[in-house]
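Notes to accompany the following structure.
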Amino acid sequence: MEKIEYGNLRSYVFGFVLSLLITLLAYFLVTKDLLARPFLDAAVAFLTLGQALLQLVLFLDLLKGEKPRWNLIVFLFMLLVAVIIVFGSVWIMYNLSYNLK
Amino acid sequence: MSQTHNNHSHVTSNTIFGFWVYLLTDCMMFATFFATYAVLHNNTFGGPSAKELFDIRLALGETIILLCSSFTCGLAMLFAPKRNLTGVVLLYVLTFIFGVVFIAMQSIEFSSIFAKGLSWKSNGFLSSYFTVIGVHSLHIIVGLFMIPVFLLQLFLYGFTEVVLRRLTCLRMYWHFLYLIWIFTFAIVYLIGSK
(Lines give C-alpha, C1' and ligand atoms only; values in the text may rest on other atoms or scores of the structure.)
Protein backbone atom coordinates (compact mmCIF):
# COMPACT_ATOMS: atom_id res chain seq x y z
CA MET A 1 0.00 0.00 0.00
CA GLU A 2 1.31 3.46 -0.71
CA LYS A 3 2.40 5.29 2.39
CA ILE A 4 -0.21 7.61 3.91
CA GLU A 5 1.12 10.90 5.22
CA TYR A 6 -0.66 12.05 8.38
CA GLY A 7 1.22 15.21 9.33
CA ASN A 8 1.66 16.06 12.97
CA LEU A 9 -0.03 18.20 15.61
CA ARG A 10 2.63 20.89 15.52
CA SER A 11 2.31 21.53 11.79
CA TYR A 12 -1.49 21.71 12.05
CA VAL A 13 -1.58 24.10 15.03
CA PHE A 14 1.18 26.25 13.54
CA GLY A 15 -0.57 26.30 10.16
CA PHE A 16 -3.92 27.11 11.72
CA VAL A 17 -2.63 30.03 13.80
CA LEU A 18 -0.52 31.47 10.98
CA SER A 19 -3.36 31.16 8.46
CA LEU A 20 -5.70 32.92 10.87
CA LEU A 21 -3.21 35.76 11.39
CA ILE A 22 -2.56 36.16 7.67
CA THR A 23 -6.30 36.20 6.93
CA LEU A 24 -6.95 38.83 9.59
CA LEU A 25 -4.00 40.92 8.41
CA ALA A 26 -5.23 40.89 4.81
CA TYR A 27 -8.75 41.71 5.98
CA PHE A 28 -7.66 44.71 8.06
CA LEU A 29 -5.34 45.98 5.34
CA VAL A 30 -8.33 46.15 3.02
CA THR A 31 -11.05 47.36 5.37
CA LYS A 32 -8.98 49.95 7.20
CA ASP A 33 -7.42 51.21 3.94
CA LEU A 34 -3.97 50.94 5.39
CA LEU A 35 -2.21 50.92 2.04
CA ALA A 36 -2.58 52.78 -1.24
CA ARG A 37 -4.07 50.94 -4.19
CA PRO A 38 -1.15 49.37 -6.06
CA PHE A 39 0.56 48.43 -2.79
CA LEU A 40 -2.67 47.03 -1.37
CA ASP A 41 -3.07 44.64 -4.31
CA ALA A 42 0.54 43.52 -3.99
CA ALA A 43 0.22 43.01 -0.23
CA VAL A 44 -3.00 40.98 -0.53
CA ALA A 45 -1.49 38.91 -3.34
CA PHE A 46 1.64 38.27 -1.30
CA LEU A 47 -0.37 37.30 1.82
CA THR A 48 -2.70 35.08 -0.22
CA LEU A 49 0.14 33.22 -1.91
CA GLY A 50 1.91 32.97 1.44
CA GLN A 51 -1.11 31.41 3.09
CA ALA A 52 -1.60 29.06 0.12
CA LEU A 53 2.01 27.92 0.42
CA LEU A 54 1.52 27.44 4.16
CA GLN A 55 -1.56 25.32 3.56
CA LEU A 56 0.19 23.25 0.90
CA VAL A 57 3.20 22.49 3.08
CA LEU A 58 1.56 22.14 6.49
CA PHE A 59 -1.90 20.76 5.72
CA LEU A 60 -1.46 19.05 2.38
CA ASP A 61 2.05 17.70 3.07
CA LEU A 62 3.34 18.84 -0.29
CA LEU A 63 6.96 18.37 0.72
CA LYS A 64 6.43 14.97 2.33
CA GLY A 65 6.84 11.68 0.56
CA GLU A 66 9.84 9.79 -0.67
CA LYS A 67 11.89 11.00 -3.61
CA PRO A 68 11.11 11.49 -6.43
CA ARG A 69 8.27 13.56 -5.01
CA TRP A 70 5.76 13.00 -7.78
CA ASN A 71 3.07 14.88 -5.87
CA LEU A 72 5.28 18.00 -5.89
CA ILE A 73 6.24 17.49 -9.55
CA VAL A 74 2.66 17.31 -10.81
CA PHE A 75 1.71 20.23 -8.55
CA LEU A 76 4.41 22.40 -10.16
CA PHE A 77 3.20 21.35 -13.59
CA MET A 78 -0.37 22.33 -12.66
CA LEU A 79 0.94 25.71 -11.47
CA LEU A 80 2.73 26.23 -14.78
CA VAL A 81 -0.36 25.47 -16.85
CA ALA A 82 -2.60 27.53 -14.56
CA VAL A 83 -0.31 30.56 -14.69
CA ILE A 84 -0.10 30.37 -18.48
CA ILE A 85 -3.86 30.10 -18.83
CA VAL A 86 -4.82 32.71 -16.24
CA PHE A 87 -2.16 35.29 -17.05
CA GLY A 88 -2.54 34.70 -20.79
CA SER A 89 -6.32 35.02 -20.71
CA VAL A 90 -6.36 38.13 -18.56
CA TRP A 91 -3.66 39.72 -20.74
CA ILE A 92 -5.50 38.93 -23.97
CA MET A 93 -8.85 40.12 -22.62
CA TYR A 94 -7.30 43.32 -21.33
CA ASN A 95 -5.74 43.88 -24.75
CA LEU A 96 -9.05 43.31 -26.50
CA SER A 97 -10.83 45.58 -24.07
CA TYR A 98 -8.30 48.32 -24.74
CA ASN A 99 -8.04 47.95 -28.51
CA LEU A 100 -11.69 47.37 -29.23
CA LYS A 101 -13.14 50.19 -27.15
CA MET B 1 5.93 1.66 -4.85
CA SER B 2 5.34 -1.37 -2.60
CA GLN B 3 3.35 -4.41 -3.61
CA THR B 4 0.42 -5.51 -1.50
CA HIS B 5 0.53 -9.26 -1.09
CA ASN B 6 -2.89 -10.67 -0.35
CA ASN B 7 -5.07 -13.47 -1.61
CA HIS B 8 -6.96 -11.30 -4.06
CA SER B 9 -4.48 -9.49 -6.28
CA HIS B 10 -1.00 -8.05 -6.65
CA VAL B 11 -2.29 -4.60 -7.45
CA THR B 12 -0.31 -1.63 -6.22
CA SER B 13 -2.49 1.13 -4.87
CA ASN B 14 -1.87 4.54 -6.37
CA THR B 15 -5.24 5.84 -5.32
CA ILE B 16 -3.96 8.65 -3.13
CA PHE B 17 -1.61 9.92 -5.82
CA GLY B 18 -4.37 9.65 -8.42
CA PHE B 19 -6.73 11.56 -6.17
CA TRP B 20 -4.09 14.25 -5.73
CA VAL B 21 -3.81 14.59 -9.53
CA TYR B 22 -7.60 14.92 -9.72
CA LEU B 23 -7.48 17.72 -7.08
CA LEU B 24 -4.88 19.49 -9.22
CA THR B 25 -7.17 19.34 -12.27
CA ASP B 26 -9.88 20.84 -10.06
CA CYS B 27 -7.43 23.64 -9.21
CA MET B 28 -7.02 24.22 -12.94
CA MET B 29 -10.76 24.55 -13.32
CA PHE B 30 -11.02 27.03 -10.48
CA ALA B 31 -8.09 28.98 -11.92
CA THR B 32 -10.09 29.51 -15.11
CA PHE B 33 -13.10 30.63 -13.04
CA PHE B 34 -10.91 33.18 -11.26
CA ALA B 35 -9.57 34.44 -14.58
CA THR B 36 -13.17 34.80 -15.78
CA TYR B 37 -14.12 36.73 -12.66
CA ALA B 38 -11.09 38.97 -13.09
CA VAL B 39 -12.21 39.79 -16.62
CA LEU B 40 -15.92 40.20 -15.88
CA HIS B 41 -16.03 41.69 -12.40
CA ASN B 42 -16.77 45.20 -13.67
CA ASN B 43 -19.49 44.15 -16.13
CA THR B 44 -22.39 45.13 -13.94
CA PHE B 45 -24.70 46.28 -16.77
CA GLY B 46 -25.77 49.25 -14.67
CA GLY B 47 -26.46 47.13 -11.62
CA PRO B 48 -24.73 47.27 -8.23
CA SER B 49 -21.02 46.56 -8.08
CA ALA B 50 -19.13 44.06 -5.91
CA LYS B 51 -18.41 46.80 -3.40
CA GLU B 52 -22.11 47.56 -3.00
CA LEU B 53 -23.25 43.97 -2.96
CA PHE B 54 -20.80 42.09 -0.73
CA ASP B 55 -20.53 42.13 3.02
CA ILE B 56 -16.84 41.56 3.62
CA ARG B 57 -17.43 40.77 7.30
CA LEU B 58 -19.63 37.84 6.32
CA ALA B 59 -16.88 36.69 3.96
CA LEU B 60 -14.31 36.93 6.76
CA GLY B 61 -16.59 34.85 8.96
CA GLU B 62 -16.92 32.25 6.22
CA THR B 63 -13.15 32.15 5.82
CA ILE B 64 -12.52 31.59 9.53
CA ILE B 65 -15.23 28.91 9.74
CA LEU B 66 -13.74 27.04 6.78
CA LEU B 67 -10.23 27.37 8.23
CA CYS B 68 -11.49 25.83 11.48
CA SER B 69 -13.11 22.97 9.56
CA SER B 70 -9.89 22.32 7.63
CA PHE B 71 -8.00 22.30 10.94
CA THR B 72 -10.38 19.85 12.67
CA CYS B 73 -10.27 17.62 9.57
CA GLY B 74 -6.47 17.44 9.77
CA LEU B 75 -6.65 16.75 13.51
CA ALA B 76 -9.16 13.97 12.89
CA MET B 77 -6.68 12.05 10.76
CA LEU B 78 -4.00 12.36 13.45
CA PHE B 79 -6.08 9.90 15.48
CA ALA B 80 -6.28 7.39 12.63
CA PRO B 81 -2.85 5.72 12.90
CA LYS B 82 -3.58 5.29 16.63
CA ARG B 83 -6.86 3.53 15.73
CA ASN B 84 -8.68 6.01 17.98
CA LEU B 85 -12.27 5.76 16.73
CA THR B 86 -13.66 8.41 19.11
CA GLY B 87 -11.04 10.97 18.08
CA VAL B 88 -11.53 10.48 14.36
CA VAL B 89 -15.33 10.53 14.54
CA LEU B 90 -15.62 13.48 16.93
CA LEU B 91 -13.30 15.68 14.88
CA TYR B 92 -14.92 14.74 11.58
CA VAL B 93 -18.30 15.59 13.11
CA LEU B 94 -16.89 19.00 14.12
CA THR B 95 -15.59 19.42 10.56
CA PHE B 96 -19.07 18.58 9.27
CA ILE B 97 -20.71 21.13 11.59
CA PHE B 98 -18.32 23.88 10.50
CA GLY B 99 -19.04 22.93 6.88
CA VAL B 100 -22.79 23.22 7.40
CA VAL B 101 -22.35 26.64 9.05
CA PHE B 102 -20.28 27.71 6.03
CA ILE B 103 -23.02 26.66 3.61
CA ALA B 104 -25.60 28.45 5.77
CA MET B 105 -23.58 31.67 5.63
CA GLN B 106 -23.18 31.24 1.88
CA SER B 107 -26.96 30.84 1.56
CA ILE B 108 -27.52 34.05 3.50
CA GLU B 109 -25.21 35.81 1.08
CA PHE B 110 -27.01 34.42 -1.97
CA SER B 111 -30.40 35.31 -0.47
CA SER B 112 -29.44 38.92 0.00
CA ILE B 113 -28.48 39.11 -3.68
CA PHE B 114 -31.71 37.42 -4.83
CA ALA B 115 -33.68 39.75 -2.55
CA LYS B 116 -32.40 42.68 -4.59
CA GLY B 117 -33.94 41.11 -7.67
CA LEU B 118 -30.55 40.00 -9.01
CA SER B 119 -29.21 36.62 -10.06
CA TRP B 120 -26.50 35.03 -12.23
CA LYS B 121 -28.59 36.05 -15.23
CA SER B 122 -28.38 39.76 -14.43
CA ASN B 123 -24.94 40.55 -15.77
CA GLY B 124 -21.47 39.18 -16.51
CA PHE B 125 -20.17 40.11 -13.09
CA LEU B 126 -22.82 38.06 -11.27
CA SER B 127 -22.54 35.18 -13.74
CA SER B 128 -18.85 34.84 -12.95
CA TYR B 129 -19.41 35.41 -9.23
CA PHE B 130 -22.06 32.69 -8.93
CA THR B 131 -19.87 30.34 -10.96
CA VAL B 132 -16.90 30.69 -8.61
CA ILE B 133 -18.86 30.63 -5.36
CA GLY B 134 -21.48 28.18 -6.60
CA VAL B 135 -19.05 25.52 -7.83
CA HIS B 136 -17.01 25.86 -4.64
CA SER B 137 -20.14 25.45 -2.50
CA LEU B 138 -21.18 22.42 -4.54
CA HIS B 139 -17.78 20.89 -3.77
CA ILE B 140 -18.35 21.59 -0.06
CA ILE B 141 -21.79 19.99 -0.18
CA VAL B 142 -20.37 16.88 -1.85
CA GLY B 143 -17.78 16.75 0.93
CA LEU B 144 -20.56 17.05 3.51
CA PHE B 145 -22.16 13.96 1.98
CA MET B 146 -18.85 12.07 1.95
CA ILE B 147 -18.15 12.63 5.66
CA PRO B 148 -21.08 10.60 7.05
CA VAL B 149 -20.69 7.93 4.35
CA PHE B 150 -17.02 7.35 5.19
CA LEU B 151 -17.65 7.56 8.95
CA LEU B 152 -20.29 4.86 8.50
CA GLN B 153 -17.71 2.72 6.69
CA LEU B 154 -15.32 3.33 9.57
CA PHE B 155 -17.97 2.07 12.00
CA LEU B 156 -18.78 -0.96 9.87
CA TYR B 157 -15.31 -2.08 8.78
CA GLY B 158 -12.92 -0.49 11.27
CA PHE B 159 -9.50 0.89 10.39
CA THR B 160 -8.88 -1.17 7.29
CA GLU B 161 -6.47 -0.21 4.52
CA VAL B 162 -9.36 0.80 2.26
CA VAL B 163 -11.11 2.91 4.92
CA LEU B 164 -7.87 4.71 5.82
CA ARG B 165 -7.23 5.47 2.16
CA ARG B 166 -10.71 6.92 1.72
CA LEU B 167 -10.49 9.03 4.86
CA THR B 168 -7.13 10.34 3.68
CA CYS B 169 -8.57 11.29 0.30
CA LEU B 170 -11.43 13.04 2.10
CA ARG B 171 -8.95 14.98 4.23
CA MET B 172 -6.99 16.05 1.11
CA TYR B 173 -10.25 17.07 -0.57
CA TRP B 174 -11.29 19.16 2.42
CA HIS B 175 -7.90 20.93 2.70
CA PHE B 176 -8.00 21.63 -1.03
CA LEU B 177 -11.44 23.28 -0.66
CA TYR B 178 -10.02 25.72 1.90
CA LEU B 179 -7.05 26.35 -0.41
CA ILE B 180 -9.43 27.36 -3.19
CA TRP B 181 -11.37 29.52 -0.75
CA ILE B 182 -8.19 31.45 0.20
CA PHE B 183 -8.00 32.61 -3.41
CA THR B 184 -11.74 33.18 -3.61
CA PHE B 185 -11.67 35.41 -0.54
CA ALA B 186 -8.75 37.41 -1.90
CA ILE B 187 -9.89 37.76 -5.50
CA VAL B 188 -13.64 38.12 -5.06
CA TYR B 189 -13.97 39.89 -1.72
CA LEU B 190 -10.71 41.65 -0.95
CA ILE B 191 -9.64 42.87 -4.37
CA GLY B 192 -12.93 42.63 -6.23
CA SER B 193 -14.74 44.94 -3.85
CA LYS B 194 -12.32 47.84 -4.08
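Residues are referred to by chain and number: the chain letter is A, B, ... according to the order shown in the C-alpha coordinates, the number counts from 1 in that chain, and ligands are numbered separately from 1 in the order shown.
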
Checklist entry - When the cut-off is 7 Å and we count only C-alpha atoms, which residues of chain B are near chain A, given as a list in words? => result Met1, Ser2, Gln3, Thr4, Thr12, Ser13, Asn14, Phe17, Leu24, Met28, Ala31, Thr32, Ala35, Val39, Phe71, Gly74, Met77, Leu78, Met172, His175, Leu179, Ile182, Phe183, Ala186, Leu190 and Ile191 of chain B

Checklist entry - Near stretch 51-53 of chain B, counting only C-alpha atoms, which residues have an atom at most 9 Å away, once you skip same-chain residues fewer than 5 positions from it, shown as a list in words? => result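 Listed by chain and then number, they are Ser112, Ile113, Tyr189, Gly192, Ser193 and Lys194 of chain B.
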
Checklist entry - Where in stretch 10-145 of chain B does DSSP assign helix (DSSP H, G or I), given as number ranges by chain? => result B: 15-40, 50-53, 56-78, 85-115, 124-145

Next on the checklist: Give me the residues near stretch 80-94 of chain B as a VMD selection string, where near means some atom within 7 Å (using only C-alpha atoms) and where sequence neighbours in that chain fewer than 5 positions away do not count.
Outcome noted: chain B and resid 72 to 73 75 151 159

Item to check | Using only C-alpha atoms: which of B:Met29, B:Leu164, B:Ile133, B:Leu154 has the shortest distance to B:Ile187 | outcome: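 Looking only at the distances to B:Ile187, the closest residue turns out to be B:Ile133.
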
Checklist entry - For the atom pair atom CA of B:Trp174 and atom CA of B:Ala50, what is the interatomic distance in Å to one decimal place? => result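 If I compute the distance from atom CA of B:Trp174 to atom CA of B:Ala50, I get 27.4 Å.
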
Next on the checklist: Between atom CA of B:Phe98 and atom CA of B:Leu66, what is the distance in Å, rounded to a tenth?
Outcome noted: 6.7 Å

Checklist entry - If you count only C-alpha atoms, which residues fall within 8 Å of B:Gly124, apart from same-chain ones fewer than 2 positions away, as a list in words? => result Leu40, His41, Asn43, Thr44, Phe45, Trp120, Lys121, Ser122, Leu126, Ser127 and Ser128 of chain B

Could you save the residues just selected, with N, CA, C and O atoms, as a short mmCIF file (atom, residue, chain, number, x, y, z; two decimals), in the first residue's frame?
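New file result34.cif:
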data_model
loop_
_atom_site.label_atom_id
_atom_site.label_comp_id
_atom_site.auth_asym_id
_atom_site.auth_seq_id
_atom_site.Cartn_x
_atom_site.Cartn_y
_atom_site.Cartn_z
N LEU B 40 -14.53 39.75 -15.87
CA LEU B 40 -15.92 40.20 -15.88
C LEU B 40 -16.37 40.99 -14.67
O LEU B 40 -17.52 41.42 -14.61
N HIS B 41 -15.51 41.18 -13.67
CA HIS B 41 -16.03 41.69 -12.40
C HIS B 41 -16.54 43.13 -12.47
O HIS B 41 -17.24 43.58 -11.57
N ASN B 43 -18.35 44.14 -15.19
CA ASN B 43 -19.49 44.15 -16.13
C ASN B 43 -20.81 44.04 -15.38
O ASN B 43 -21.46 43.01 -15.36
N THR B 44 -21.20 45.17 -14.78
CA THR B 44 -22.39 45.13 -13.94
C THR B 44 -23.66 45.53 -14.67
O THR B 44 -24.74 45.49 -14.11
N PHE B 45 -23.52 45.96 -15.95
CA PHE B 45 -24.70 46.28 -16.77
C PHE B 45 -25.61 47.27 -16.03
O PHE B 45 -26.82 47.16 -16.05
N TRP B 120 -27.61 35.25 -11.29
CA TRP B 120 -26.50 35.03 -12.23
C TRP B 120 -26.87 35.42 -13.65
O TRP B 120 -26.02 35.51 -14.51
N LYS B 121 -28.17 35.65 -13.89
CA LYS B 121 -28.59 36.05 -15.23
C LYS B 121 -28.53 37.56 -15.43
O LYS B 121 -28.73 38.05 -16.52
N SER B 122 -28.27 38.30 -14.34
CA SER B 122 -28.38 39.76 -14.43
C SER B 122 -27.27 40.40 -15.25
O SER B 122 -27.52 41.33 -16.01
N LEU B 126 -22.15 39.03 -12.14
CA LEU B 126 -22.82 38.06 -11.27
C LEU B 126 -22.73 36.64 -11.83
O LEU B 126 -22.67 35.67 -11.08
N SER B 127 -22.71 36.51 -13.16
CA SER B 127 -22.54 35.18 -13.74
C SER B 127 -21.23 34.56 -13.26
O SER B 127 -21.19 33.41 -12.82
N SER B 128 -20.16 35.37 -13.35
CA SER B 128 -18.85 34.84 -12.95
C SER B 128 -18.78 34.64 -11.44
O SER B 128 -18.17 33.69 -10.96
#

Item to check | Between atom CA of A:Gly50 and atom CA of B:Thr131, distance in Å (one decimal) | outcome: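 Atom CA of A:Gly50 sits 25.2 Å away from atom CA of B:Thr131.
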